Number of protein chains: 2
Amino acid sequence: SVNPDLASERQTASFSVEKLTALLDGGTEQTQIRRAVVEAIESDPVFSRENQYFQTQNERYEAAVRKAVHLQKKMHEMGWTENGPEFKYIYRALSGDVAFLLHRVFMRSISVLGSDKQVAKWIPLASQHKLIGSYAQTELGHGTYLQGLETTALFDTATQEFILNTPKISAMKWWPGDMGRSATHTVVFAQLYIHGKCYGIHPFIVQIRSLQDHSLCPGITAGDIGPKMNFEHVDNGYLLLKNVRIPRENMLSKFCEVRPDGTYVRQGSQKINYFTMTTVRISLISDEVLTPLMKACTIAIRYSVVRRQSKLKPGEQEAKILDYQTQQEKLLPQLAAAYAFHFINDYLQELFNRGYREIQRKNFDMLPELHALSSGFKAVITQHCTAGVEICLRACGGHGYSLLSGLPSLYTKILASCIYEGENTILLLQTARFLIKCFMAASAGQPVPPSVTYLAAVKHGKCPAKNKLDFLSSDIYTEAYQHVAVRLISSTAAKLQDLIQSGVKKHDAWNQCTVQLVKASKAHCHYIAVKNFAETVEKLETKAGIQKIMKHLCDLFALHGIFSNTGAFLHDGYTSAAQMDMVTASYLDLLAVIRKDAVPLVDAFDFTDKSLNSALGSYDGQVYQRLYEWAQKSPTNQMSPAYERYLKPLLHNTLSKL
Amino acid sequence: SVNPDLASERQTASFSVEKLTALLDGGTEQTQIRRAVVEAIESDPVFSRENQYFQTQNERYEAAVRKAVHLQKKMHEMGWTENGPEFKYIYRALSGDVAFLLHRVFMRSISVLGSDKQVAKWIPLASQHKLIGSYAQTELGHGTYLQGLETTALFDTATQEFILNTPKISAMKWWPGDMGRSATHTVVFAQLYIHGKCYGIHPFIVQIRSLQDHSLCPGITAGDIGPKMNFEHVDNGYLLLKNVRIPRENMLSKFCEVRPDGTYVRQGSQKINYFTMTTVRISLISDEVLTPLMKACTIAIRYSVVRRQSKLKPGEQEAKILDYQTQQEKLLPQLAAAYAFHFINDYLQELFNRGYREIQRKNFDMLPELHALSSGFKAVITQHCTAGVEICLRACGGHGYSLLSGLPSLYTKILASCIYEGENTILLLQTARFLIKCFMAASAGQPVPPSVTYLAAVKHGKCPAKNKLDFLSSDIYTEAYQHVAVRLISSTAAKLQDLIQSGVKKHDAWNQCTVQLVKASKAHCHYIAVKNFAETVEKLETKAGIQKIMKHLCDLFALHGIFSNTGAFLHDGYTSAAQMDMVTASYLDLLAVIRKDAVPLVDAFDFTDKSLNSALGSYDGQVYQRLYEWAQKSPTNQMSPAYERYLKPLLHNTLSKL
């Protein structure tokens, strides 16, 4: 039975939840496919995550391997293939709690970087799991800056082998997933040396464990890097190489080849490599970043209409905590952001698909824009969603702090997304470099990519809003965001030029502007996100109340951004203080409006109880029962040796004899 | 041997690290006592935290009990007493990793709330650990709002007993520390009923486990609430009471008594109770909040001069990451905040001591101010320091995400401080209530407490700064902070009055202003913190470079606050956009100045390697060796059954037969 406080929230929905779910999925057909996958996965006990919060790192790893192996069987049974429509829902249905994800990266890197011959040899072996692959790039002392990697691969013409070494402790490979305990092979990135000359970083296939008994191969030292904040199920590993010899054929050689005599030959364009990074950054947004935020919103909002605390009105029942303005102000902007980023993800996917088609036609023109947008949005979305999940956690008070709420593990996992696949600050600076370049080009009247044409048309007007309702016009706020982005980009470009003209070296000048460059990149992405949300809303069908509620969310997303960054909008007087008070008023009004639909808006995300894995967030809202039943199963409710060893002697007063 | 990149940072310190340590400790004598305690604790293997990151919740609990029992012996051996000068350093030296902290709360509540007779009976038993106490207030469905607690205590005149019940699942006691597995007794807060009439919440001593065999007493259901984000060493518990009978004498009766015939007698003032909450909130700031931030800064800053990544200048060695402006902008404001809050903690302690003396003279006049400041600062400092620790963690990239860095556990633990002892939003609203009241009083010409007299003197000037150096004047920025606090408090007071005058009910009007009230409270605390830091700097002796570097930190703390909240300062034109650009310039300049002393500034916190328990933060900066050595000891480097069960069959291709 559904908790009546939760049930009542659903009766007054202003829109069709089912229709919104279909919109999010991209059509009712997609919803059906997704639900079928979820049903198949969740009804299979091998994939259960029920005891996850009670398990040790070792137990989590074992379960993840078990699931990965079972998944092969399941896919076969269900007729799911890697190219089928179901595939993208499998990982989501498993909540990522499965091993051998790096095996897929191993395969992809061979497909992209390997010669036809290499692909023909390794891909079938990997597909059939006759080996387990990993991807060894990051080192103890080197992450972002690939040129700095210290692992070496010396070509020995005599034996036609590469000799691989990690010459210093900082060169040790560190972090690769699936490598700590599972992998038999890995792609190692190393500095290629031929006849004493360094040719830079190249990828090599290296076997690290025996296919017979899994023992480490000669010259290999490898193991698990130990406990992390999350990802207990992944065996992130370390790898030391000492004179490990591999055949010449193991250097992935689609773009570069070493001939038997040691001649180095570069062939084809490596531009495609940048595209691979772009692919990864875009693909992680949905599963690794948006889904956790949507889950956190679902948990926190359902809990906030079940939890009652203090009285709003004297003499009445204690109030649902979602009725407090402060609670609305914590949660509803996160909900709006989840929708905003869902739509920006669609935008990026579309852009990416277009770029992919162009690249297949050997047209690389879109690459810089795609790289800038994927870098910037990876950083902005991971940052925003991580903060959002933390806010949801804290908004649930003590119960949010229990692992059983599901929120701590969502937080500790999403946090990693700010670091992996490009550290966020560095990504934002890459976007900034693109923006500054485009701004200079635009100022000089040269053409620039579509997403930055607005830089060419710098306007010096003022915000025309006359009253608080004007700020519910998407033109008004989109214009304001655009103005701020232009101002931050142009003023930082000016500072940069001033510094250089005053004699500061280029690299120093850049460094002295980086705090402001980061701000400029964020402002650009924020503008694009607001604009895209507003445009998406306009295109929605007006039926079933969907457009209306999405418009409210778009307004909230935009006004929350202004309310939280008032300085950026006030700085040059584009927005006046009186207008800022209108923004505040409209923003606070919106909270009360959206609050009414808060539960239907998270219901539309369509998470099952099993996928939420939360005592606070279940569809029926039976929070307290679930916490109690669940806690009783905790291993901490078994007898502890501490009683006989310490407590009993203490209580029976042997202490005085100590 | 110290990593040369770290060693070089120490050679150029602009001040005496040892003198700064003494300043932080409150004198060289205190430093000596602290170091002696740390040495005694850390040289004792029973207190080791070495394996902490590898342990399960059960193992952590057992270790904490072992340490608590051993601590009794240690204190006896060392001649340490609860009233001695060493006592305050013990908990810090243990990093809080010890059981029976709630036993102390149990004792304190009896001392404060019990009659002389009750104190005489229970305190000796508790002191000698003939029982282990806990403190059962929070319920599954009730935290902040004590009046809403549902546990009942019915007085039965026939038997002269109270009958205790948790009538609904939401009434179940939930969270009390030491209760899940250890406690034999607890203080239960319950609604007192006599002859069918409710007299509100009262405290009762209830035995929950047998002193003989630790089995649960009749009518008691109790256990551990299971895994949390941290605090694995604490057995937070649940407790169900079903017709549990306790003697009339077990109601703590210093202030309220139930006579044998059921007559209810209230005696004395309960105001002192508010003072107890104030005590707890102030006392937690140092150990639970500041120490973690100082540790996080130490770890992240030492790591940031050892870690080299990318090139600042083409052709040169890779740069220390602390040389990047963006890294400075992440870490140095956290360092400045750690100092700012250390000094505000001194300020609160002094205020508290003065208040305590007054209360002993039966003068309760200081209570409202003390309550407002302790609530506001508890919220502001926990919030700020939690965010600061997270920034430090993220600033260390991947290695910060490893538990071995020590940062994840600092974060997951400090996060709880935002929730316990008063949820932060609620505390800020309590401060706001005080501020609004004082503002109204001040406006009416009535006297107000010292910390809010500034509300009486609202000035309408403009910031007089003419160039960026003017913003290094503490008068200039303190005045700006004051202006913002007054503006936010007065404008919210006006909105509140407008709403009420327009017919909105008082409680609705309050709710509609809460988002802004929270901002006003924060602005007030921020102003006090800046003012106090500036005043502290002025009083420092000018020798040994201490005053100079503290002045830089004070400036940074103040300017970072403006830079991060530009809107608040720009809103009414008090600060112009041109002035804001000066703030930015001064702020960025300061980063480069303080960067030079960053390592000495964290060295002054004087944490030992054992207390940091971090592979990244050790005094010698041998980061990579330590990560590698430590990881090898992880239980994840033992053989996993996953190989024989899943990997071997997969690799040997039995999969195809599945």
# chains A, B, ... in the order shown; residues from 1 in each chain; ligands from 1
$ residues_around --residues "A:Thr291" --least-positions-apart "5" --cutoff "10 Å" --atoms "only C-alpha atoms" --output "tab-separated table (two decimals) with N, CA and C atoms, in the first residue's frame"
chain	number	residue	atom	x	y	z
A	92	ARG	N	22.45	0.49	-17.82
A	92	ARG	CA	21.61	1.29	-16.91
A	92	ARG	C	20.82	0.38	-15.98
A	95	SER	N	22.75	-0.78	-13.19
A	95	SER	CA	23.33	0.35	-12.44
A	95	SER	C	24.85	0.32	-12.51
A	285	ILE	N	27.78	10.97	-20.09
A	285	ILE	CA	26.85	11.91	-19.46
A	285	ILE	C	25.54	11.24	-19.06
A	286	SER	N	24.98	10.48	-19.96
A	286	SER	CA	23.67	9.90	-19.67
A	286	SER	C	23.71	8.90	-18.51
A	296	ALA	N	18.75	10.49	-7.45
A	296	ALA	CA	18.83	11.24	-6.20
A	296	ALA	C	17.61	12.14	-6.03
A	297	CYS	N	17.18	12.77	-7.12
A	297	CYS	CA	15.97	13.61	-7.06
A	297	CYS	C	14.75	12.77	-6.70
A	338	ALA	N	18.19	18.38	-13.92
A	338	ALA	CA	18.16	17.04	-14.49
A	338	ALA	C	17.47	17.07	-15.86
A	342	HIS	N	19.21	16.62	-19.47
A	342	HIS	CA	18.71	15.56	-20.35
A	342	HIS	C	18.57	16.11	-21.78
A	385	CYS	N	25.83	18.11	-11.50
A	385	CYS	CA	25.09	16.93	-11.04
A	385	CYS	C	25.68	16.38	-9.74
A	410	LEU	N	25.37	6.93	-4.48
A	410	LEU	CA	25.21	7.75	-5.69
A	410	LEU	C	26.21	8.89	-5.69
A	414	ILE	N	29.25	9.35	-8.41
A	414	ILE	CA	29.18	10.43	-9.40
A	414	ILE	C	30.35	11.39	-9.23
A	605	PHE	N	10.69	9.71	-14.39
A	605	PHE	CA	12.00	9.10	-14.67
A	605	PHE	C	11.89	7.58	-14.71
A	607	PHE	N	12.06	5.02	-12.53
A	607	PHE	CA	12.98	4.09	-11.89
A	607	PHE	C	12.20	3.05	-11.10
$ select_by_dssp --residues "stretch 45-284 of chain A" --states "strand (DSSP E)" --output "NGL selection string"
:A and (133-136 or 152-156 or 161-165 or 173-174 or 185-194 or 197-207 or 220-224 or 237-241 or 244-247 or 256-258 or 264-266)
$ interface_residues --of "chain B" --to "chain A" --cutoff "6 Å" --atoms "only C-alpha atoms" --output "ChimeraX atom specification"
/B:58,62,130,145,224-229,310,326,397,401-403,408,419,515,566-567,571,577,631,634,636-637,642,651
$ residues_around --residues "stretch 298-301 of chain A" --least-positions-apart "5" --cutoff "8 Å" --atoms "only C-alpha atoms" --output "NGL selection string"
:A and (322 or 331 or 392-393 or 395-396 or 405 or 407 or 598-599 or 602-603 or 605 or 612 or 614 or 616-618)
$ write_last_selection --atoms "C-alpha atoms" --output "PDB file, in the first residue's frame"
ATOM      1  CA  LEU A 322       8.707  19.697   0.859  1.00  0.00           C
ATOM      2  CA  LEU A 331      15.542  20.085  -4.435  1.00  0.00           C
ATOM      3  CA  CYS A 392      19.710  15.765  -2.301  1.00  0.00           C
ATOM      4  CA  LEU A 393      21.653  13.702   0.218  1.00  0.00           C
ATOM      5  CA  ALA A 395      18.265  17.496   2.180  1.00  0.00           C
ATOM      6  CA  CYS A 396      17.273  14.109   3.600  1.00  0.00           C
ATOM      7  CA  SER A 405      19.044   5.610   1.491  1.00  0.00           C
ATOM      8  CA  LEU A 407      22.269   8.511  -1.671  1.00  0.00           C
ATOM      9  CA  ALA A 598       7.353  17.445  -7.927  1.00  0.00           C
ATOM     10  CA  VAL A 599       6.409  13.791  -7.353  1.00  0.00           C
ATOM     11  CA  VAL A 602      10.312  12.283 -10.626  1.00  0.00           C
ATOM     12  CA  ASP A 603       7.878   9.433 -11.262  1.00  0.00           C
ATOM     13  CA  PHE A 605      12.000   9.103 -14.666  1.00  0.00           C
ATOM     14  CA  LEU A 612      16.875   2.933  -6.857  1.00  0.00           C
ATOM     15  CA  SER A 614      16.859   2.981  -1.551  1.00  0.00           C
ATOM     16  CA  LEU A 616      13.807   6.315   1.270  1.00  0.00           C
ATOM     17  CA  GLY A 617      12.861   6.436  -2.374  1.00  0.00           C
ATOM     18  CA  SER A 618      10.588   3.491  -3.058  1.00  0.00           C
TER      19      SER A 618
END
$ residues_around --residues "stretch 444-460 of chain A" --least-positions-apart "5" --cutoff "10 Å" --atoms "only C-alpha atoms" --output "PyMOL selection string"
chain A and resi 365-366+368-370+373+434-439+479+482-483+485-487+489-490+524-525+528+572+574
$ closest_residue --among "A:Val305, A:Glu82, A:Asn250, A:Leu102" --to "A:Trp122" --atoms "only C-alpha atoms"
A:Asn250
$ select_by_dssp --residues "stretch 299-463 of chain B" --states "helix (DSSP H, G or I)" --output "ChimeraX atom specification"
/B:299-306,321-323,325-360,367-395,397-401,403-405,407-418,424-443,450-456
$ atom_distance --atom1 "atom CA of A:Lys462" --atom2 "atom CA of A:Ala480"
8.8 Å
$ residues_around --residues "B:Phe352" --least-positions-apart "5" --cutoff "9 Å" --atoms "only C-alpha atoms" --output "list in words"
Thr278, Thr279, Ile282, Tyr347, Arg357 and Leu370 of chain B
$ write_last_selection --atoms "C-alpha atoms" --output "compact mmCIF listing (two decimals), in the first residue's frame"
# COMPACT_ATOMS: atom_id res chain seq x y z
CA THR B 278 25.08 25.75 22.71
CA THR B 279 27.94 24.00 24.49
CA ILE B 282 30.61 25.16 19.98
CA TYR B 347 36.01 34.14 19.77
CA ARG B 357 30.14 32.87 34.23
CA LEU B 370 25.05 33.00 22.36
$ closest_residue --among "B:Leu469, B:Val593, B:Ala337, B:Ile500" --to "B:Phe533" --atoms "only C-alpha atoms"
B:Ala337
$ atom_distance --atom1 "atom CA of B:Asp287" --atom2 "atom CA of B:Ser417"
10.9 Å
